[in-house]
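Engineer: Input structure: my_file_24.cif, which contains mmCIF, C-alpha atoms.
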```cif
data_work
loop_
_atom_site.group_PDB
_atom_site.id
_atom_site.type_symbol
_atom_site.label_atom_id
_atom_site.label_comp_id
_atom_site.auth_asym_id
_atom_site.auth_seq_id
_atom_site.Cartn_x
_atom_site.Cartn_y
_atom_site.Cartn_z
ATOM 1 C CA GLN A 22 -59.576 -106.278 -89.883
ATOM 2 C CA VAL A 23 -61.925 -106.232 -86.955
ATOM 3 C CA GLN A 24 -63.916 -103.401 -85.437
ATOM 4 C CA LEU A 25 -63.015 -102.692 -81.831
ATOM 5 C CA VAL A 26 -65.389 -100.976 -79.434
ATOM 6 C CA GLU A 27 -63.951 -99.510 -76.244
ATOM 7 C CA SER A 28 -65.575 -98.311 -73.060
ATOM 8 C CA GLY A 29 -64.690 -97.389 -69.511
ATOM 9 C CA GLY A 30 -62.575 -94.241 -69.622
ATOM 10 C CA GLY A 31 -63.123 -91.296 -67.326
ATOM 11 C CA SER A 32 -61.601 -89.016 -64.726
ATOM 12 C CA VAL A 33 -60.134 -90.166 -61.443
ATOM 13 C CA GLN A 34 -57.856 -88.829 -58.745
ATOM 14 C CA ALA A 35 -54.327 -90.088 -58.349
ATOM 15 C CA GLY A 36 -54.287 -93.455 -56.631
ATOM 16 C CA GLY A 37 -57.660 -94.411 -58.056
ATOM 17 C CA SER A 38 -58.654 -97.178 -60.433
ATOM 18 C CA LEU A 39 -60.397 -97.563 -63.758
ATOM 19 C CA ARG A 40 -61.234 -100.516 -65.954
ATOM 20 C CA LEU A 41 -61.330 -100.296 -69.719
ATOM 21 C CA SER A 42 -63.146 -102.805 -71.892
ATOM 22 C CA CYS A 43 -62.672 -103.707 -75.534
ATOM 23 C CA ALA A 44 -64.998 -105.798 -77.626
ATOM 24 C CA PRO A 45 -64.058 -107.076 -81.074
ATOM 25 C CA SER A 46 -67.424 -106.765 -82.768
ATOM 26 C CA GLY A 47 -68.990 -109.188 -85.149
ATOM 27 C CA ARG A 48 -66.973 -112.309 -84.530
ATOM 28 C CA THR A 49 -64.831 -114.167 -82.082
ATOM 29 C CA PHE A 50 -61.320 -112.824 -82.181
ATOM 30 C CA SER A 51 -58.844 -115.287 -83.654
ATOM 31 C CA GLY A 52 -55.845 -113.141 -84.474
ATOM 32 C CA ALA A 53 -52.365 -113.092 -83.037
ATOM 33 C CA ALA A 54 -52.601 -110.525 -80.245
ATOM 34 C CA MET A 55 -54.644 -107.782 -78.626
ATOM 35 C CA GLY A 56 -53.386 -104.908 -76.576
ATOM 36 C CA TRP A 57 -53.658 -101.373 -75.328
ATOM 37 C CA PHE A 58 -51.738 -98.307 -76.369
ATOM 38 C CA ARG A 59 -52.002 -94.743 -75.157
ATOM 39 C CA GLN A 60 -51.263 -91.331 -76.502
ATOM 40 C CA ALA A 61 -50.821 -88.183 -74.454
ATOM 41 C CA PRO A 62 -51.023 -84.713 -76.016
ATOM 42 C CA GLY A 63 -47.894 -83.917 -77.980
ATOM 43 C CA LYS A 64 -46.495 -87.411 -77.574
ATOM 44 C CA GLU A 65 -46.309 -90.484 -79.756
ATOM 45 C CA ARG A 66 -48.608 -93.431 -79.274
ATOM 46 C CA GLU A 67 -46.944 -95.841 -76.882
ATOM 47 C CA PHE A 68 -47.326 -99.480 -75.939
ATOM 48 C CA VAL A 69 -49.030 -100.162 -72.619
ATOM 49 C CA THR A 70 -49.791 -103.865 -72.555
ATOM 50 C CA ALA A 71 -50.755 -106.759 -74.804
ATOM 51 C CA ILE A 72 -51.658 -110.407 -74.701
ATOM 52 C CA ASN A 73 -50.426 -113.040 -77.116
ATOM 53 C CA TRP A 74 -53.712 -114.629 -78.084
ATOM 54 C CA ILE A 75 -52.239 -118.083 -78.665
ATOM 55 C CA THR A 76 -49.946 -118.445 -75.681
ATOM 56 C CA GLY A 77 -51.984 -116.276 -73.319
ATOM 57 C CA ARG A 78 -48.831 -114.600 -72.108
ATOM 58 C CA THR A 79 -49.073 -110.936 -71.183
ATOM 59 C CA TYR A 80 -46.584 -108.121 -71.648
ATOM 60 C CA TYR A 81 -46.361 -104.700 -70.024
ATOM 61 C CA ALA A 82 -44.526 -101.448 -70.411
ATOM 62 C CA ASP A 83 -42.191 -100.839 -67.497
ATOM 63 C CA SER A 84 -44.160 -97.736 -66.538
ATOM 64 C CA VAL A 85 -47.304 -99.741 -65.767
ATOM 65 C CA LYS A 86 -45.935 -103.029 -64.440
ATOM 66 C CA GLY A 87 -47.487 -103.933 -61.137
ATOM 67 C CA ARG A 88 -50.304 -101.402 -61.584
ATOM 68 C CA PHE A 89 -52.098 -102.419 -64.787
ATOM 69 C CA THR A 90 -53.478 -105.819 -65.721
ATOM 70 C CA ILE A 91 -54.689 -107.001 -69.106
ATOM 71 C CA SER A 92 -57.114 -109.895 -69.188
ATOM 72 C CA ARG A 93 -59.527 -111.563 -71.546
ATOM 73 C CA ASP A 94 -62.856 -113.299 -71.277
ATOM 74 C CA ASN A 95 -63.099 -115.771 -74.120
ATOM 75 C CA ALA A 96 -66.754 -116.520 -73.424
ATOM 76 C CA LYS A 97 -67.689 -112.849 -73.730
ATOM 77 C CA ASN A 98 -65.113 -112.097 -76.424
ATOM 78 C CA MET A 99 -63.837 -109.197 -74.365
ATOM 79 C CA VAL A 100 -60.466 -107.773 -73.368
ATOM 80 C CA TYR A 101 -60.037 -105.669 -70.249
ATOM 81 C CA LEU A 102 -57.453 -103.282 -68.875
ATOM 82 C CA GLN A 103 -57.589 -102.913 -65.121
ATOM 83 C CA MET A 104 -55.677 -99.814 -64.064
ATOM 84 C CA ASN A 105 -54.838 -99.362 -60.390
ATOM 85 C CA SER A 106 -52.747 -96.804 -58.529
ATOM 86 C CA LEU A 107 -53.250 -94.362 -61.360
ATOM 87 C CA GLU A 108 -50.854 -91.454 -61.665
ATOM 88 C CA PRO A 109 -51.223 -88.105 -63.448
ATOM 89 C CA GLU A 110 -48.639 -89.390 -65.940
ATOM 90 C CA ASP A 111 -51.158 -92.028 -67.027
ATOM 91 C CA THR A 112 -53.408 -89.329 -68.484
ATOM 92 C CA ALA A 113 -53.895 -90.084 -72.171
ATOM 93 C CA VAL A 114 -56.263 -91.410 -74.773
ATOM 94 C CA TYR A 115 -56.205 -95.187 -74.509
ATOM 95 C CA TYR A 116 -56.649 -97.313 -77.615
ATOM 96 C CA CYS A 117 -57.494 -100.958 -77.920
ATOM 97 C CA ALA A 118 -55.573 -102.610 -80.744
ATOM 98 C CA ALA A 119 -55.593 -105.957 -82.474
ATOM 99 C CA ASP A 120 -53.053 -107.815 -84.551
ATOM 100 C CA THR A 121 -55.454 -109.750 -86.746
ATOM 101 C CA ARG A 122 -52.831 -111.514 -88.798
ATOM 102 C CA ALA A 123 -52.912 -115.296 -89.076
ATOM 103 C CA GLU A 124 -49.197 -115.297 -88.235
ATOM 104 C CA ARG A 125 -48.417 -116.962 -84.956
ATOM 105 C CA TYR A 126 -45.409 -115.862 -82.953
ATOM 106 C CA VAL A 127 -43.786 -116.136 -79.578
ATOM 107 C CA GLY A 128 -43.568 -112.910 -77.663
ATOM 108 C CA ILE A 129 -45.349 -109.702 -78.594
ATOM 109 C CA HIS A 130 -44.989 -106.755 -80.945
ATOM 110 C CA TYR A 131 -44.498 -103.422 -79.215
ATOM 111 C CA SER A 132 -44.850 -101.174 -82.256
ATOM 112 C CA PRO A 133 -48.248 -99.701 -83.155
ATOM 113 C CA ALA A 134 -47.450 -100.534 -86.769
ATOM 114 C CA SER A 135 -47.918 -104.237 -86.007
ATOM 115 C CA TYR A 136 -51.568 -103.749 -85.070
ATOM 116 C CA GLY A 137 -53.978 -103.341 -87.956
ATOM 117 C CA SER A 138 -57.216 -102.709 -86.082
ATOM 118 C CA TRP A 139 -57.856 -99.912 -83.613
ATOM 119 C CA GLY A 140 -60.656 -98.728 -81.402
ATOM 120 C CA GLN A 141 -61.845 -95.154 -81.337
ATOM 121 C CA GLY A 142 -59.954 -94.342 -78.154
ATOM 122 C CA THR A 143 -61.177 -93.482 -74.691
ATOM 123 C CA GLN A 144 -59.926 -90.629 -72.533
ATOM 124 C CA VAL A 145 -58.373 -91.351 -69.153
ATOM 125 C CA THR A 146 -57.633 -88.324 -66.986
ATOM 126 C CA VAL A 147 -55.854 -88.608 -63.662
ATOM 127 C CA SER A 148 -55.721 -85.551 -61.447
ATOM 128 C CA SER A 149 -53.245 -84.966 -58.656
#
```
What do you get writing this file as structure tokens?

Structural biologist:
Amino acid sequence: QVQLVESGGGSVQAGGSLRLSCAPSGRTFSGAAMGWFRQAPGKEREFVTAINWITGRTYYADSVKGRFTISRDNAKNMVYLQMNSLEPEDTAVYYCAADTRAERYVGIHYSPASYGSWGQGTQVTVSS
């Protein structure tokens, strides 16, 4: 497992932007994938986006396609989530997640159960 440290949440009006950051602490990440999930009050944790660490390919939930962008900086060992055109429906606690398994695969896992390491979560609130 790896410890994940998140930053960058906050409050913004609809149409605004935020950028979240996630740092796997202690060592350079070498697992299978990293991604972002979110959980709104009373709802299950849901997939937002992830990057296959080997192929570099990115995957998005339909609800955020065209608005959110996941990226990585290998030199800084960081993963980012750029969120644009935010909507009130995006309000949730956002979690960085890592699949640290040595398994290599094509595609991405969309279930939270496939990710063994989680950040503490950061609140994103979008007001109308």

Engineer: I need the residue nearest Tyr131 of chain A from this list: A:Ile75, A:Ala96, A:Val114, A:Ala54. Use all atoms listed in the file for the distance.

Structural biologist: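 Of A:Ile75, A:Ala96, A:Val114, A:Ala54, the one nearest Tyr131 of chain A, counting all atoms listed in the file, is A:Ala54.
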
Engineer: Name all residues at most 9 Å from segment 61-63 of chain A (count only C-alpha atoms; drop same-chain ones fewer than 6 positions away) and give them as a JSON list (two decimals) with C-alpha atoms, in the coordinates of the input.

Structural biologist:
```json
[["chain", "number", "residue", "atom", "x", "y", "z"],
["A", 110, "GLU", "CA", -48.64, -89.39, -65.94],
["A", 111, "ASP", "CA", -51.16, -92.03, -67.03],
["A", 112, "THR", "CA", -53.41, -89.33, -68.48],
["A", 113, "ALA", "CA", -53.90, -90.08, -72.17],
["A", 114, "VAL", "CA", -56.26, -91.41, -74.77],
["A", 115, "TYR", "CA", -56.20, -95.19, -74.51]]
```

Engineer: Could you tell me how far atom CA of Ser28 of chain A sits from atom CA of Glu108 of chain A, in Å to one decimal place?

Structural biologist: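 Between atom CA of Glu108 of chain A and atom CA of Ser28 of chain A the gap works out to 19.8 Å.
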
Engineer: Find the nearest atom pair between each residue of segment 32-108 of chain A and segment 133-141 of chain A for residues within 12 Å, count only C-alpha atoms, give distances in Å to one decimal, sort rows by chain and ascending number, and present the table as CSV.

Structural biologist:
```
residue,atom,partner,partner_atom,distance
A:Leu41,CA,A:Gly140,CA,11.8
A:Ser42,CA,A:Gly140,CA,10.6
A:Cys43,CA,A:Gly140,CA,8.0
A:Ala44,CA,A:Gly140,CA,9.1
A:Pro45,CA,A:Gly140,CA,9.0
A:Ser46,CA,A:Gly140,CA,10.6
A:Phe50,CA,A:Ser138,CA,11.6
A:Gly52,CA,A:Tyr136,CA,10.3
A:Ala53,CA,A:Tyr136,CA,9.6
A:Ala54,CA,A:Tyr136,CA,8.4
A:Met55,CA,A:Tyr136,CA,8.2
A:Gly56,CA,A:Tyr136,CA,8.8
A:Trp57,CA,A:Trp139,CA,9.4
A:Phe58,CA,A:Pro133,CA,7.8
A:Arg59,CA,A:Pro133,CA,10.1
A:Gln60,CA,A:Pro133,CA,11.1
A:Glu65,CA,A:Pro133,CA,10.0
A:Arg66,CA,A:Pro133,CA,7.4
A:Glu67,CA,A:Pro133,CA,7.5
A:Phe68,CA,A:Pro133,CA,7.3
A:Val69,CA,A:Pro133,CA,10.6
A:Thr70,CA,A:Pro133,CA,11.5
A:Ala71,CA,A:Tyr136,CA,10.7
```

Engineer: For the atom pair atom CA of Ser148 of chain A and atom CA of Val33 of chain A, what is the interatomic distance in Å to one decimal place?

Structural biologist: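 Calculated distance between atom CA of Ser148 of chain A and atom CA of Val33 of chain A is 6.4 Å.
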
Engineer: Would you kindly translate the PyMOL selection byres ((chain A and resi 74) around 12) into the concrete residues it picks from this file, as a CSV table (one decimal) with C-alpha atoms, in the frame of the given file?

Structural biologist:
```csv
chain,number,residue,atom,x,y,z
A,49,THR,CA,-64.8,-114.2,-82.1
A,50,PHE,CA,-61.3,-112.8,-82.2
A,51,SER,CA,-58.8,-115.3,-83.7
A,52,GLY,CA,-55.8,-113.1,-84.5
A,53,ALA,CA,-52.4,-113.1,-83.0
A,54,ALA,CA,-52.6,-110.5,-80.2
A,55,MET,CA,-54.6,-107.8,-78.6
A,56,GLY,CA,-53.4,-104.9,-76.6
A,71,ALA,CA,-50.8,-106.8,-74.8
A,72,ILE,CA,-51.7,-110.4,-74.7
A,73,ASN,CA,-50.4,-113.0,-77.1
A,75,ILE,CA,-52.2,-118.1,-78.7
A,76,THR,CA,-49.9,-118.4,-75.7
A,77,GLY,CA,-52.0,-116.3,-73.3
A,78,ARG,CA,-48.8,-114.6,-72.1
A,79,THR,CA,-49.1,-110.9,-71.2
A,80,TYR,CA,-46.6,-108.1,-71.6
A,91,ILE,CA,-54.7,-107.0,-69.1
A,92,SER,CA,-57.1,-109.9,-69.2
A,93,ARG,CA,-59.5,-111.6,-71.5
A,94,ASP,CA,-62.9,-113.3,-71.3
A,95,ASN,CA,-63.1,-115.8,-74.1
A,98,ASN,CA,-65.1,-112.1,-76.4
A,100,VAL,CA,-60.5,-107.8,-73.4
A,119,ALA,CA,-55.6,-106.0,-82.5
A,120,ASP,CA,-53.1,-107.8,-84.6
A,121,THR,CA,-55.5,-109.8,-86.7
A,122,ARG,CA,-52.8,-111.5,-88.8
A,123,ALA,CA,-52.9,-115.3,-89.1
A,124,GLU,CA,-49.2,-115.3,-88.2
A,125,ARG,CA,-48.4,-117.0,-85.0
A,126,TYR,CA,-45.4,-115.9,-83.0
A,127,VAL,CA,-43.8,-116.1,-79.6
A,128,GLY,CA,-43.6,-112.9,-77.7
A,129,ILE,CA,-45.3,-109.7,-78.6
```

Engineer: For the PyMOL selection byres ((chain A and resi 83-90) around 7), applied here, can you spell out every residue it catches as number ranges by chain?

Structural biologist: A: 81-82, 91-92, 102-106

Engineer: Quick one: pull the distance between atom CA of Gly47 of chain A and atom CA of His130 of chain A, Å, one decimal.

Structural biologist: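 Separation between atom CA of Gly47 of chain A and atom CA of His130 of chain A: 24.5 Å.
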
Engineer: Measuring atom to atom with all atoms listed in the file, identify which of A:Val145, A:Met99, A:Ala118, A:Val23 is nearest to Leu39 of chain A.

Structural biologist: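 Checking each of A:Val145, A:Met99, A:Ala118, A:Val23 against Leu39 of chain A, counting all atoms listed in the file, the winner is A:Val145.
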
Engineer: Using only C-alpha atoms, which of A:Leu107, A:Val26, A:Gly142, A:Lys97 sits nearest Ser38 of chain A?

Structural biologist: A:Leu107

Engineer: Of the residues A:Arg40, A:Thr146, A:Ser132, A:Lys64, which is the one nearest to Glu27 of chain A, using all atoms listed in the file?

Structural biologist: A:Arg40
